[in-house]
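Quick look at target_2.cif (mmCIF, C-alpha atoms and all ligand atoms; chains and numbers go by the auth columns):
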```cif
data_final
loop_
_atom_site.group_PDB
_atom_site.id
_atom_site.type_symbol
_atom_site.label_atom_id
_atom_site.label_comp_id
_atom_site.label_asym_id
_atom_site.label_seq_id
_atom_site.Cartn_x
_atom_site.Cartn_y
_atom_site.Cartn_z
_atom_site.B_iso_or_equiv
_atom_site.auth_seq_id
_atom_site.auth_asym_id
ATOM 1 C CA MET A 1 -18.862 -2.657 -18.623 0.00 1 A
ATOM 2 C CA LYS A 2 -21.578 -4.328 -16.558 0.00 2 A
ATOM 3 C CA ILE A 3 -21.113 -6.414 -13.452 0.00 3 A
ATOM 4 C CA ILE A 4 -22.887 -9.681 -12.724 0.00 4 A
ATOM 5 C CA ALA A 5 -21.574 -10.108 -9.177 0.00 5 A
ATOM 6 C CA ASP A 6 -21.369 -7.995 -6.065 0.00 6 A
ATOM 7 C CA LEU A 7 -18.399 -9.402 -4.180 0.00 7 A
ATOM 8 C CA HIS A 8 -18.619 -7.550 -0.867 0.00 8 A
ATOM 9 C CA LEU A 9 -21.788 -7.334 1.261 0.00 9 A
ATOM 10 C CA HIS A 10 -22.563 -7.158 4.982 0.00 10 A
ATOM 11 C CA THR A 11 -25.697 -8.640 6.555 0.00 11 A
ATOM 12 C CA ILE A 12 -27.122 -8.153 10.026 0.00 12 A
ATOM 13 C CA ALA A 13 -24.542 -10.729 11.171 0.00 13 A
ATOM 14 C CA SER A 14 -21.874 -8.008 10.949 0.00 14 A
ATOM 15 C CA GLY A 15 -23.424 -6.232 13.922 0.00 15 A
ATOM 16 C CA HIS A 16 -23.609 -2.817 12.252 0.00 16 A
ATOM 17 C CA ALA A 17 -25.361 -3.711 8.984 0.00 17 A
ATOM 18 C CA PHE A 18 -29.087 -3.787 8.468 0.00 18 A
ATOM 19 C CA SER A 19 -30.268 -6.332 5.885 0.00 19 A
ATOM 20 C CA THR A 20 -30.695 -10.099 5.721 0.00 20 A
ATOM 21 C CA ILE A 21 -29.433 -12.555 3.092 0.00 21 A
ATOM 22 C CA LYS A 22 -32.976 -12.954 1.762 0.00 22 A
ATOM 23 C CA GLU A 23 -33.302 -9.191 1.351 0.00 23 A
ATOM 24 C CA TYR A 24 -29.947 -9.062 -0.433 0.00 24 A
ATOM 25 C CA VAL A 25 -31.082 -11.831 -2.790 0.00 25 A
ATOM 26 C CA GLN A 26 -34.183 -9.850 -3.713 0.00 26 A
ATOM 27 C CA ALA A 27 -32.114 -6.707 -4.226 0.00 27 A
ATOM 28 C CA ALA A 28 -29.636 -8.681 -6.346 0.00 28 A
ATOM 29 C CA GLN A 29 -32.490 -9.889 -8.577 0.00 29 A
ATOM 30 C CA ARG A 30 -33.600 -6.291 -9.069 0.00 30 A
ATOM 31 C CA ALA A 31 -30.016 -5.301 -9.887 0.00 31 A
ATOM 32 C CA LYS A 32 -29.813 -8.189 -12.411 0.00 32 A
ATOM 33 C CA LEU A 33 -26.875 -9.824 -10.656 0.00 33 A
ATOM 34 C CA LYS A 34 -26.096 -13.545 -10.791 0.00 34 A
ATOM 35 C CA TYR A 35 -23.838 -13.743 -7.722 0.00 35 A
ATOM 36 C CA ILE A 36 -23.523 -12.070 -4.355 0.00 36 A
ATOM 37 C CA ALA A 37 -20.789 -12.639 -1.804 0.00 37 A
ATOM 38 C CA ILE A 38 -21.807 -12.737 1.838 0.00 38 A
ATOM 39 C CA THR A 39 -18.723 -11.270 3.485 0.00 39 A
ATOM 40 C CA ASP A 40 -19.583 -10.391 7.054 0.00 40 A
ATOM 41 C CA HIS A 41 -17.013 -8.892 9.378 0.00 41 A
ATOM 42 C CA GLY A 42 -14.793 -11.259 11.336 0.00 42 A
ATOM 43 C CA PRO A 43 -14.937 -11.644 15.116 0.00 43 A
ATOM 44 C CA ALA A 44 -12.288 -9.001 15.930 0.00 44 A
ATOM 45 C CA MET A 45 -14.684 -6.283 14.741 0.00 45 A
ATOM 46 C CA PRO A 46 -16.743 -4.982 17.681 0.00 46 A
ATOM 47 C CA GLY A 47 -20.154 -6.631 17.171 0.00 47 A
ATOM 48 C CA GLY A 48 -18.763 -8.756 14.292 0.00 48 A
ATOM 49 C CA ALA A 49 -19.880 -12.287 13.564 0.00 49 A
ATOM 50 C CA HIS A 50 -18.736 -15.106 15.819 0.00 50 A
ATOM 51 C CA GLN A 51 -16.436 -17.771 14.398 0.00 51 A
ATOM 52 C CA TYR A 52 -19.391 -20.194 14.394 0.00 52 A
ATOM 53 C CA HIS A 53 -21.191 -17.959 11.892 0.00 53 A
ATOM 54 C CA PHE A 54 -18.477 -18.734 9.349 0.00 54 A
ATOM 55 C CA SER A 55 -18.277 -22.472 9.986 0.00 55 A
ATOM 56 C CA ASN A 56 -22.064 -22.670 9.749 0.00 56 A
ATOM 57 C CA LEU A 57 -22.246 -20.952 6.342 0.00 57 A
ATOM 58 C CA ARG A 58 -22.286 -24.494 4.931 0.00 58 A
ATOM 59 C CA MET A 59 -25.934 -24.632 6.075 0.00 59 A
ATOM 60 C CA LEU A 60 -26.837 -22.076 3.422 0.00 60 A
ATOM 61 C CA PRO A 61 -27.920 -23.301 -0.011 0.00 61 A
ATOM 62 C CA ASN A 62 -25.533 -22.480 -2.835 0.00 62 A
ATOM 63 C CA GLU A 63 -28.298 -20.702 -4.694 0.00 63 A
ATOM 64 C CA VAL A 64 -31.342 -18.788 -3.461 0.00 64 A
ATOM 65 C CA ASP A 65 -34.056 -17.760 -5.939 0.00 65 A
ATOM 66 C CA GLY A 66 -31.640 -17.786 -8.872 0.00 66 A
ATOM 67 C CA ILE A 67 -28.826 -15.922 -7.124 0.00 67 A
ATOM 68 C CA THR A 68 -25.654 -17.891 -6.413 0.00 68 A
ATOM 69 C CA LEU A 69 -24.159 -17.170 -3.008 0.00 69 A
ATOM 70 C CA LEU A 70 -20.458 -16.944 -2.386 0.00 70 A
ATOM 71 C CA LYS A 71 -19.955 -17.855 1.230 0.00 71 A
ATOM 72 C CA GLY A 72 -17.281 -15.665 2.639 0.00 72 A
ATOM 73 C CA ALA A 73 -15.790 -13.373 5.223 0.00 73 A
ATOM 74 C CA GLU A 74 -14.192 -9.979 5.467 0.00 74 A
ATOM 75 C CA ALA A 75 -11.471 -11.036 7.865 0.00 75 A
ATOM 76 C CA ASN A 76 -9.673 -8.449 9.963 0.00 76 A
ATOM 77 C CA ILE A 77 -5.931 -8.053 9.775 0.00 77 A
ATOM 78 C CA LYS A 78 -5.209 -8.114 13.480 0.00 78 A
ATOM 79 C CA ASP A 79 -1.466 -7.481 13.716 0.00 79 A
ATOM 80 C CA ALA A 80 1.636 -6.193 11.940 0.00 80 A
ATOM 81 C CA GLN A 81 2.407 -9.662 10.537 0.00 81 A
ATOM 82 C CA GLY A 82 -0.919 -9.718 8.715 0.00 82 A
ATOM 83 C CA ASN A 83 -2.487 -12.484 10.800 0.00 83 A
ATOM 84 C CA LEU A 84 -6.273 -12.735 10.485 0.00 84 A
ATOM 85 C CA ASP A 85 -9.034 -13.063 13.054 0.00 85 A
ATOM 86 C CA LEU A 86 -10.309 -16.416 11.731 0.00 86 A
ATOM 87 C CA PRO A 87 -8.352 -19.680 11.821 0.00 87 A
ATOM 88 C CA ASP A 88 -7.158 -21.272 8.578 0.00 88 A
ATOM 89 C CA PHE A 89 -9.488 -24.252 8.871 0.00 89 A
ATOM 90 C CA GLU A 90 -12.504 -21.900 8.818 0.00 90 A
ATOM 91 C CA LEU A 91 -11.105 -19.808 5.968 0.00 91 A
ATOM 92 C CA SER A 92 -10.339 -22.888 3.877 0.00 92 A
ATOM 93 C CA ALA A 93 -14.059 -23.772 3.674 0.00 93 A
ATOM 94 C CA LEU A 94 -15.090 -20.357 2.303 0.00 94 A
ATOM 95 C CA ASP A 95 -15.538 -19.335 -1.345 0.00 95 A
ATOM 96 C CA ILE A 96 -14.179 -15.835 -0.782 0.00 96 A
ATOM 97 C CA VAL A 97 -11.952 -14.371 1.904 0.00 97 A
ATOM 98 C CA ILE A 98 -11.375 -10.630 1.856 0.00 98 A
ATOM 99 C CA ALA A 99 -8.618 -9.423 4.181 0.00 99 A
ATOM 100 C CA SER A 100 -8.915 -5.816 5.319 0.00 100 A
ATOM 101 C CA ILE A 101 -7.519 -3.404 7.872 0.00 101 A
ATOM 102 C CA HIS A 102 -10.137 -1.733 10.066 0.00 102 A
ATOM 103 C CA PRO A 103 -9.684 0.506 13.077 0.00 103 A
ATOM 104 C CA ARG A 104 -10.202 -1.028 16.542 0.00 104 A
ATOM 105 C CA CYS A 105 -9.725 -4.595 15.304 0.00 105 A
ATOM 106 C CA GLY A 106 -6.251 -5.285 16.651 0.00 106 A
ATOM 107 C CA TYR A 107 -3.902 -3.746 14.091 0.00 107 A
ATOM 108 C CA ASN A 108 -2.462 -0.479 15.366 0.00 108 A
ATOM 109 C CA GLY A 109 0.030 0.500 12.675 0.00 109 A
ATOM 110 C CA SER A 110 -0.258 3.682 10.664 0.00 110 A
ATOM 111 C CA LYS A 111 2.989 4.132 8.708 0.00 111 A
ATOM 112 C CA GLU A 112 3.319 3.137 5.063 0.00 112 A
ATOM 113 C CA LYS A 113 6.053 0.609 5.748 0.00 113 A
ATOM 114 C CA GLU A 114 4.166 -1.259 8.484 0.00 114 A
ATOM 115 C CA ASN A 115 0.845 -1.164 6.621 0.00 115 A
ATOM 116 C CA THR A 116 2.529 -2.568 3.515 0.00 116 A
ATOM 117 C CA LYS A 117 4.091 -5.347 5.577 0.00 117 A
ATOM 118 C CA ALA A 118 0.741 -6.202 7.212 0.00 118 A
ATOM 119 C CA LEU A 119 -1.071 -6.447 3.848 0.00 119 A
ATOM 120 C CA LYS A 120 1.717 -8.557 2.386 0.00 120 A
ATOM 121 C CA GLY A 121 1.549 -10.829 5.415 0.00 121 A
ATOM 122 C CA ALA A 122 -2.196 -11.290 4.899 0.00 122 A
ATOM 123 C CA MET A 123 -1.664 -12.081 1.211 0.00 123 A
ATOM 124 C CA GLN A 124 0.704 -14.881 2.197 0.00 124 A
ATOM 125 C CA ASN A 125 -2.288 -16.669 3.694 0.00 125 A
ATOM 126 C CA GLN A 126 -3.287 -19.092 0.932 0.00 126 A
ATOM 127 C CA HIS A 127 -6.997 -18.627 1.662 0.00 127 A
ATOM 128 C CA VAL A 128 -7.018 -14.858 1.122 0.00 128 A
ATOM 129 C CA LYS A 129 -8.382 -14.071 -2.333 0.00 129 A
ATOM 130 C CA VAL A 130 -8.980 -10.316 -2.066 0.00 130 A
ATOM 131 C CA ILE A 131 -7.370 -7.354 -0.314 0.00 131 A
ATOM 132 C CA GLY A 132 -10.257 -5.114 0.759 0.00 132 A
ATOM 133 C CA HIS A 133 -10.270 -1.324 0.275 0.00 133 A
ATOM 134 C CA PRO A 134 -6.469 -0.974 0.102 0.00 134 A
ATOM 135 C CA GLY A 135 -6.813 2.661 -1.009 0.00 135 A
ATOM 136 C CA ASN A 136 -7.862 3.797 2.470 0.00 136 A
ATOM 137 C CA PRO A 137 -5.781 6.930 3.171 0.00 137 A
ATOM 138 C CA ARG A 138 -5.846 6.125 6.893 0.00 138 A
ATOM 139 C CA TYR A 139 -3.528 3.181 6.159 0.00 139 A
ATOM 140 C CA PRO A 140 -1.220 4.291 3.337 0.00 140 A
ATOM 141 C CA VAL A 141 0.735 1.537 1.568 0.00 141 A
ATOM 142 C CA ASN A 142 3.359 1.240 -1.148 0.00 142 A
ATOM 143 C CA ILE A 143 0.912 0.706 -4.012 0.00 143 A
ATOM 144 C CA LYS A 144 3.437 -0.620 -6.543 0.00 144 A
ATOM 145 C CA GLU A 145 4.755 -3.143 -4.022 0.00 145 A
ATOM 146 C CA ILE A 146 1.264 -4.299 -2.975 0.00 146 A
ATOM 147 C CA VAL A 147 0.086 -4.829 -6.553 0.00 147 A
ATOM 148 C CA GLY A 148 3.303 -6.694 -7.376 0.00 148 A
ATOM 149 C CA PHE A 149 2.917 -8.919 -4.335 0.00 149 A
ATOM 150 C CA ALA A 150 -0.795 -9.468 -5.073 0.00 150 A
ATOM 151 C CA LYS A 151 0.134 -10.685 -8.542 0.00 151 A
ATOM 152 C CA GLU A 152 2.841 -12.941 -7.145 0.00 152 A
ATOM 153 C CA SER A 153 0.412 -14.361 -4.565 0.00 153 A
ATOM 154 C CA GLY A 154 -2.664 -14.613 -6.790 0.00 154 A
ATOM 155 C CA VAL A 155 -4.684 -12.123 -4.754 0.00 155 A
ATOM 156 C CA LEU A 156 -7.176 -9.664 -6.220 0.00 156 A
ATOM 157 C CA ILE A 157 -7.064 -5.932 -5.563 0.00 157 A
ATOM 158 C CA GLU A 158 -10.507 -4.678 -4.580 0.00 158 A
ATOM 159 C CA ILE A 159 -11.861 -1.413 -5.914 0.00 159 A
ATOM 160 C CA ASN A 160 -14.366 -0.691 -3.155 0.00 160 A
ATOM 161 C CA ASN A 161 -17.316 1.401 -4.300 0.00 161 A
ATOM 162 C CA ALA A 162 -18.187 2.567 -0.785 0.00 162 A
ATOM 163 C CA SER A 163 -14.702 4.060 -0.439 0.00 163 A
ATOM 164 C CA LEU A 164 -15.601 6.329 -3.364 0.00 164 A
ATOM 165 C CA ILE A 165 -19.146 7.353 -2.462 0.00 165 A
ATOM 166 C CA SER A 166 -19.794 7.006 1.270 0.00 166 A
ATOM 167 C CA TRP A 167 -18.636 8.837 4.385 0.00 167 A
ATOM 168 C CA ALA A 168 -16.379 5.921 5.275 0.00 168 A
ATOM 169 C CA ARG A 169 -12.731 6.076 4.195 0.00 169 A
ATOM 170 C CA LYS A 170 -13.090 9.599 2.813 0.00 170 A
ATOM 171 C CA GLY A 171 -10.269 10.731 0.574 0.00 171 A
ATOM 172 C CA SER A 172 -9.722 7.266 -0.973 0.00 172 A
ATOM 173 C CA GLU A 173 -10.206 8.340 -4.614 0.00 173 A
ATOM 174 C CA ALA A 174 -6.613 9.250 -5.477 0.00 174 A
ATOM 175 C CA ASN A 175 -5.199 6.057 -3.953 0.00 175 A
ATOM 176 C CA CYS A 176 -7.889 3.887 -5.564 0.00 176 A
ATOM 177 C CA LEU A 177 -7.113 5.379 -8.967 0.00 177 A
ATOM 178 C CA GLU A 178 -3.414 4.802 -8.395 0.00 178 A
ATOM 179 C CA PHE A 179 -4.166 1.190 -7.452 0.00 179 A
ATOM 180 C CA ALA A 180 -6.218 0.711 -10.615 0.00 180 A
ATOM 181 C CA GLN A 181 -3.514 2.298 -12.772 0.00 181 A
ATOM 182 C CA GLU A 182 -0.854 0.098 -11.174 0.00 182 A
ATOM 183 C CA VAL A 183 -3.019 -3.009 -11.745 0.00 183 A
ATOM 184 C CA LYS A 184 -3.275 -2.007 -15.403 0.00 184 A
ATOM 185 C CA ARG A 185 0.502 -1.405 -15.602 0.00 185 A
ATOM 186 C CA GLN A 186 1.272 -4.791 -14.062 0.00 186 A
ATOM 187 C CA ASN A 187 -1.440 -6.530 -16.099 0.00 187 A
ATOM 188 C CA TRP A 188 -3.169 -7.824 -12.953 0.00 188 A
ATOM 189 C CA PHE A 189 -6.834 -8.265 -11.899 0.00 189 A
ATOM 190 C CA VAL A 190 -9.334 -6.328 -9.817 0.00 190 A
ATOM 191 C CA CYS A 191 -12.652 -7.171 -8.250 0.00 191 A
ATOM 192 C CA ILE A 192 -15.348 -4.732 -7.233 0.00 192 A
ATOM 193 C CA GLY A 193 -17.495 -4.662 -4.130 0.00 193 A
ATOM 194 C CA SER A 194 -20.303 -2.343 -3.124 0.00 194 A
ATOM 195 C CA ASP A 195 -19.463 -3.009 0.554 0.00 195 A
ATOM 196 C CA SER A 196 -23.197 -2.601 1.202 0.00 196 A
ATOM 197 C CA HIS A 197 -24.413 -2.471 4.783 0.00 197 A
ATOM 198 C CA PHE A 198 -28.029 -2.072 3.573 0.00 198 A
ATOM 199 C CA ILE A 199 -29.745 -3.337 0.423 0.00 199 A
ATOM 200 C CA ASP A 200 -30.064 0.040 -1.282 0.00 200 A
ATOM 201 C CA THR A 201 -26.483 -0.103 -2.620 0.00 201 A
ATOM 202 C CA VAL A 202 -26.337 -3.722 -3.843 0.00 202 A
ATOM 203 C CA GLY A 203 -24.815 -3.922 -7.304 0.00 203 A
ATOM 204 C CA ASN A 204 -24.226 -0.184 -7.376 0.00 204 A
ATOM 205 C CA CYS A 205 -20.597 -0.035 -8.341 0.00 205 A
ATOM 206 C CA ASP A 206 -20.757 2.854 -10.814 0.00 206 A
ATOM 207 C CA ALA A 207 -18.007 4.901 -9.156 0.00 207 A
ATOM 208 C CA ALA A 208 -15.651 1.911 -9.092 0.00 208 A
ATOM 209 C CA LEU A 209 -16.464 1.103 -12.723 0.00 209 A
ATOM 210 C CA ALA A 210 -15.767 4.696 -13.771 0.00 210 A
ATOM 211 C CA LEU A 211 -12.423 4.583 -11.994 0.00 211 A
ATOM 212 C CA ILE A 212 -11.523 1.258 -13.629 0.00 212 A
ATOM 213 C CA LYS A 213 -12.425 2.717 -17.016 0.00 213 A
ATOM 214 C CA GLU A 214 -10.277 5.768 -16.341 0.00 214 A
ATOM 215 C CA ALA A 215 -7.356 3.480 -15.497 0.00 215 A
ATOM 216 C CA GLY A 216 -7.920 1.503 -18.709 0.00 216 A
ATOM 217 C CA ILE A 217 -8.390 -1.943 -17.110 0.00 217 A
ATOM 218 C CA PRO A 218 -10.123 -4.195 -19.661 0.00 218 A
ATOM 219 C CA ALA A 219 -13.261 -6.207 -18.773 0.00 219 A
ATOM 220 C CA ASP A 220 -11.366 -9.487 -18.910 0.00 220 A
ATOM 221 C CA HIS A 221 -9.327 -8.291 -15.912 0.00 221 A
ATOM 222 C CA VAL A 222 -12.377 -7.351 -13.842 0.00 222 A
ATOM 223 C CA VAL A 223 -13.548 -10.501 -12.089 0.00 223 A
ATOM 224 C CA ASN A 224 -17.129 -9.224 -11.568 0.00 224 A
ATOM 225 C CA ALA A 225 -17.641 -8.786 -15.286 0.00 225 A
ATOM 226 C CA SER A 226 -18.209 -12.442 -16.240 0.00 226 A
ATOM 227 C CA LYS A 227 -19.544 -15.698 -14.825 0.00 227 A
ATOM 228 C CA GLU A 228 -16.423 -17.443 -16.131 0.00 228 A
ATOM 229 C CA LEU A 229 -14.091 -15.218 -14.121 0.00 229 A
ATOM 230 C CA VAL A 230 -16.190 -15.515 -10.951 0.00 230 A
ATOM 231 C CA ARG A 231 -16.218 -19.293 -11.299 0.00 231 A
ATOM 232 C CA GLU A 232 -12.540 -19.487 -12.073 0.00 232 A
ATOM 233 C CA TRP A 233 -11.460 -17.303 -9.163 0.00 233 A
ATOM 234 C CA PHE A 234 -13.846 -18.375 -6.463 0.00 234 A
ATOM 235 C CA PHE A 235 -15.196 -21.828 -7.228 0.00 235 A
ATOM 236 C CA GLU A 236 -12.423 -23.588 -9.082 0.00 236 A
ATOM 237 C CA GLY A 237 -9.652 -22.529 -6.757 0.00 237 A
ATOM 238 C CA SER A 238 -7.508 -21.017 -9.470 0.00 238 A
ATOM 239 C CA ARG A 239 -5.426 -18.162 -8.228 0.00 239 A
ATOM 240 C CA LYS A 240 -3.570 -17.413 -11.424 0.00 240 A
ATOM 241 C CA LEU A 241 -0.188 -18.249 -9.933 0.00 241 A
HETATM 242 ZN ZN ZN B . -13.996 -3.274 5.338 0.00 301 B
HETATM 243 ZN ZN ZN B . -16.887 -4.425 4.289 0.00 302 B
#
```

Could you express the structure from this file as structure tokens?
Amino acid sequence: MKIIADLHLHTIASGHAFSTIKEYVQAAQRAKLKYIAITDHGPAMPGGAHQYHFSNLRMLPNEVDGITLLKGAEANIKDAQGNLDLPDFELSALDIVIASIHPRCGYNGSKEKENTKALKGAMQNQHVKVIGHPGNPRYPVNIKEIVGFAKESGVLIEINNASLISWARKGSEANCLEFAQEVKRQNWFVCIGSDSHFIDTVGNCDAALALIKEAGIPADHVVNASKELVREWFFEGSRKL
């Protein structure tokens, strides 16, 4: 399986990432991608982008040098109810909203029950299309319940390549595999993101693809695998409800 989209990237606007959109576009061309999602960290992240960054994404062209941009955010889950750090009117204008739990961004839970509740709360937000790196062992969740609720809510489960290869979120592999196997069992969908903070990893999702293969998820349930699925999920507003 090949991917034509990288659905999770951070630019210098995230405060702790090191490449520009233009550099990502060039890297995406080299990686033979058609789409990249610009998903900078929300304002609750120390150094994260200001709310105005997200409202002003409309200034960007939809396509740069043959690469289509998905204008998005990686919003922070900021409390136990799953509220996000960007208001709904900002989120509603974006092509892709990933909701994720990060340390030091407001949410202080750690137990499986509270983490599960927080993710479910975030998925109830109609603008959230992806749950980011839910396999993080720092925030254990009830995987069966999260996949079931994702399916009910039309939200994608992300298989985050950085969780599998980088120093961040170490020990994610077993949970990520369990997520992928549960997605397969419940006949649901995944998307893949490199979660790049520098251009060298754009489109490199080999570890995530290997895990998806191991779990037996077919290509037509991997949103990154075709233009049709990317369009359907992120540009046509369909959430498979
Ligand atoms: Zn993240
Ligand atoms: Zn990220």

**OP:** State, in Å with one decimal place, the distance from CA of Ala5 in chain A to CA of Ile36 in chain A.
**Re:**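 For CA of Ala5 in chain A relative to CA of Ile36 in chain A, the distance reads 5.6 Å.
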
**OP:** Go through A:Ser153, A:Ser110, A:Asn56, A:Ser14 and flag the residue nearest ligand ZN 301 (chain B), using all atoms listed in the file for the distances.
**Re:** A:Ser14

Subject >> Close residues, range 182-189 of chain A itself excluded, 12 Å, only C-alpha atoms, min 2 positions apart in chain, as a PyMOL selection string >> reply: chain A and resi 129-131+142-159+175-180+191-192+211-225+229-230+233+239-241

Taking all atoms listed in the file into account, produce a table as a Markdown table in which each residue of chain A with an atom at most 9 Å from an atom of ligand ZN 302 (chain B) appears once, together with its shortest atom pair and the distance in Å to one decimal, ordered by chain and rising number.
```
| residue | atom | partner | partner_atom | distance |
| --- | --- | --- | --- | --- |
| A:His8 | CA | B:ZN302 | ZN | 6.3 |
| A:Leu9 | CA | B:ZN302 | ZN | 6.5 |
| A:His10 | CA | B:ZN302 | ZN | 6.3 |
| A:Thr39 | CA | B:ZN302 | ZN | 7.1 |
| A:Asp40 | CA | B:ZN302 | ZN | 7.1 |
| A:His41 | CA | B:ZN302 | ZN | 6.8 |
| A:Glu74 | CA | B:ZN302 | ZN | 6.3 |
| A:Ile98 | CA | B:ZN302 | ZN | 8.6 |
| A:Ser100 | CA | B:ZN302 | ZN | 8.2 |
| A:Gly132 | CA | B:ZN302 | ZN | 7.5 |
| A:His133 | CA | B:ZN302 | ZN | 8.3 |
| A:Asn160 | CA | B:ZN302 | ZN | 8.7 |
| A:Ala162 | CA | B:ZN302 | ZN | 8.7 |
| A:Gly193 | CA | B:ZN302 | ZN | 8.4 |
| A:Ser194 | CA | B:ZN302 | ZN | 8.4 |
| A:Asp195 | CA | B:ZN302 | ZN | 4.8 |
| A:Ser196 | CA | B:ZN302 | ZN | 7.3 |
| A:His197 | CA | B:ZN302 | ZN | 7.8 |
```

**OP:** Take the point (-21.4, -3.1, 15.5) as written in the file and pick out every residue within 9 Å of it, counting all atoms listed in the file; give the list as a list in words.
**Re:**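 Using all atoms listed in the file, the matching residues come out as Ser14, Gly15, His16, Ala17, Met45, Pro46, Gly47 and Gly48 of chain A.
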
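Relative to CA of Leu60 in chain A, CA of Lys78 in chain A is found at 27.6 Å.
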
**OP:** Please evaluate the PyMOL selection byres (((chain A and resi 65) around 10) and not hetatm) against the displayed coordinates and give the resulting residues as a count of residues only.
**Re:** 9

Going by the chain IDs and residue numbers used in this file, which residues fall under the PyMOL selection byres (((chain A and resi 71) around 8) and not hetatm)? Write them as an mmCIF file with C-alpha atoms, in the frame of the given file.
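See part-v4.cif below for the written result:
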```
data_model
loop_
_atom_site.group_PDB
_atom_site.id
_atom_site.type_symbol
_atom_site.label_atom_id
_atom_site.label_comp_id
_atom_site.auth_asym_id
_atom_site.auth_seq_id
_atom_site.Cartn_x
_atom_site.Cartn_y
_atom_site.Cartn_z
ATOM 1 C CA ALA A 37 -20.789 -12.639 -1.804
ATOM 2 C CA ILE A 38 -21.807 -12.737 1.838
ATOM 3 C CA THR A 39 -18.723 -11.270 3.485
ATOM 4 C CA LEU A 57 -22.246 -20.952 6.342
ATOM 5 C CA ARG A 58 -22.286 -24.494 4.931
ATOM 6 C CA LEU A 69 -24.159 -17.170 -3.008
ATOM 7 C CA LEU A 70 -20.458 -16.944 -2.386
ATOM 8 C CA GLY A 72 -17.281 -15.665 2.639
ATOM 9 C CA ALA A 73 -15.790 -13.373 5.223
ATOM 10 C CA LEU A 94 -15.090 -20.357 2.303
ATOM 11 C CA ASP A 95 -15.538 -19.335 -1.345
ATOM 12 C CA ILE A 96 -14.179 -15.835 -0.782
#
```

**OP:** Write out as number ranges by chain which residues come within 10 Å of Asp88 in chain A when counting all atoms listed in the file, dropping same-chain ones fewer than 2 positions away.
**Re:** A: 84-86, 90-93, 125-128

Subject >> Shortest interatomic distance to Pro87 in chain A - which of A:Gln124, A:Asn115, A:Ser166, A:Gln51, counting only C-alpha atoms >> reply: A:Gln51

Subject >> Hits of the PyMOL selection byres (((chain A and resi 30) around 12) and not hetatm) in this structure, as a PyMOL selection string >> reply: chain A and resi 4+23-29+31-34+65-67+199-204

Original post:
Can you tell me, as a list in words, what residues are no more than 8 Å from Gly171 in chain A when counting only C-alpha atoms, ignoring any on the same chain fewer than 3 positions away?
Top reply: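 Here the qualifying residues turn out to be Asn136, Pro137, Leu164 and Ala174 of chain A.
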
Subject >> Å distance separating CA of Val141 in chain A from CA of Asp206 in chain A, one decimal place >> reply: 24.8 Å

Subject >> Among listed residues A:Ala80, A:Ala210, A:Met59, A:Ile21, nearest Lys2 in chain A (using only C-alpha atoms) >> reply: A:Ala210

Original post:
Smallest atom-to-atom distance to Asn83 in chain A: which of A:Pro103, A:Pro61, A:Gly42, A:Gly121, using all atoms listed in the file?
Top reply: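 Smallest separation from Asn83 in chain A among the options: A:Gly121.
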
Original post:
Of the candidates A:Ala207, A:Ala122, A:Ala75, A:Ile165, which one gets nearest to ligand ZN 301 (chain B) if we count all atoms listed in the file?
Top reply: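 Among the listed residues, A:Ala75 lies closest to ligand ZN 301 (chain B).
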
Original post:
For ligand ZN 301 (chain B), which residue out of A:Ile12, A:Tyr35, A:Ala99, A:His50 is the nearest one, using only C-alpha atoms and all ligand atoms?
Top reply: A:Ala99

Kindly complete range 229-238 of chain A to N, CA and C atoms; the output should be written as a CSV table (one decimal), keeping the file's coordinate frame.
```csv
chain,number,residue,atom,x,y,z
A,229,LEU,N,-15.1,-15.7,-15.0
A,229,LEU,CA,-14.1,-15.2,-14.1
A,229,LEU,C,-14.5,-15.5,-12.7
A,230,VAL,N,-15.7,-15.3,-12.3
A,230,VAL,CA,-16.2,-15.5,-11.0
A,230,VAL,C,-16.0,-17.0,-10.6
A,231,ARG,N,-16.4,-17.8,-11.5
A,231,ARG,CA,-16.2,-19.3,-11.3
A,231,ARG,C,-14.7,-19.7,-11.1
A,232,GLU,N,-14.0,-19.1,-12.1
A,232,GLU,CA,-12.5,-19.5,-12.1
A,232,GLU,C,-11.8,-19.0,-10.8
A,233,TRP,N,-12.2,-17.8,-10.3
A,233,TRP,CA,-11.5,-17.3,-9.2
A,233,TRP,C,-12.0,-17.8,-7.8
A,234,PHE,N,-13.3,-18.1,-7.8
A,234,PHE,CA,-13.8,-18.4,-6.5
A,234,PHE,C,-14.4,-19.8,-6.3
A,235,PHE,N,-14.6,-20.5,-7.4
A,235,PHE,CA,-15.2,-21.8,-7.2
A,235,PHE,C,-14.3,-22.9,-7.7
A,236,GLU,N,-13.3,-22.6,-8.6
A,236,GLU,CA,-12.4,-23.6,-9.1
A,236,GLU,C,-11.1,-23.5,-8.4
A,237,GLY,N,-10.9,-22.6,-7.5
A,237,GLY,CA,-9.7,-22.5,-6.8
A,237,GLY,C,-8.4,-22.0,-7.5
A,238,SER,N,-8.6,-21.6,-8.7
A,238,SER,CA,-7.5,-21.0,-9.5
A,238,SER,C,-7.1,-19.7,-8.9
```
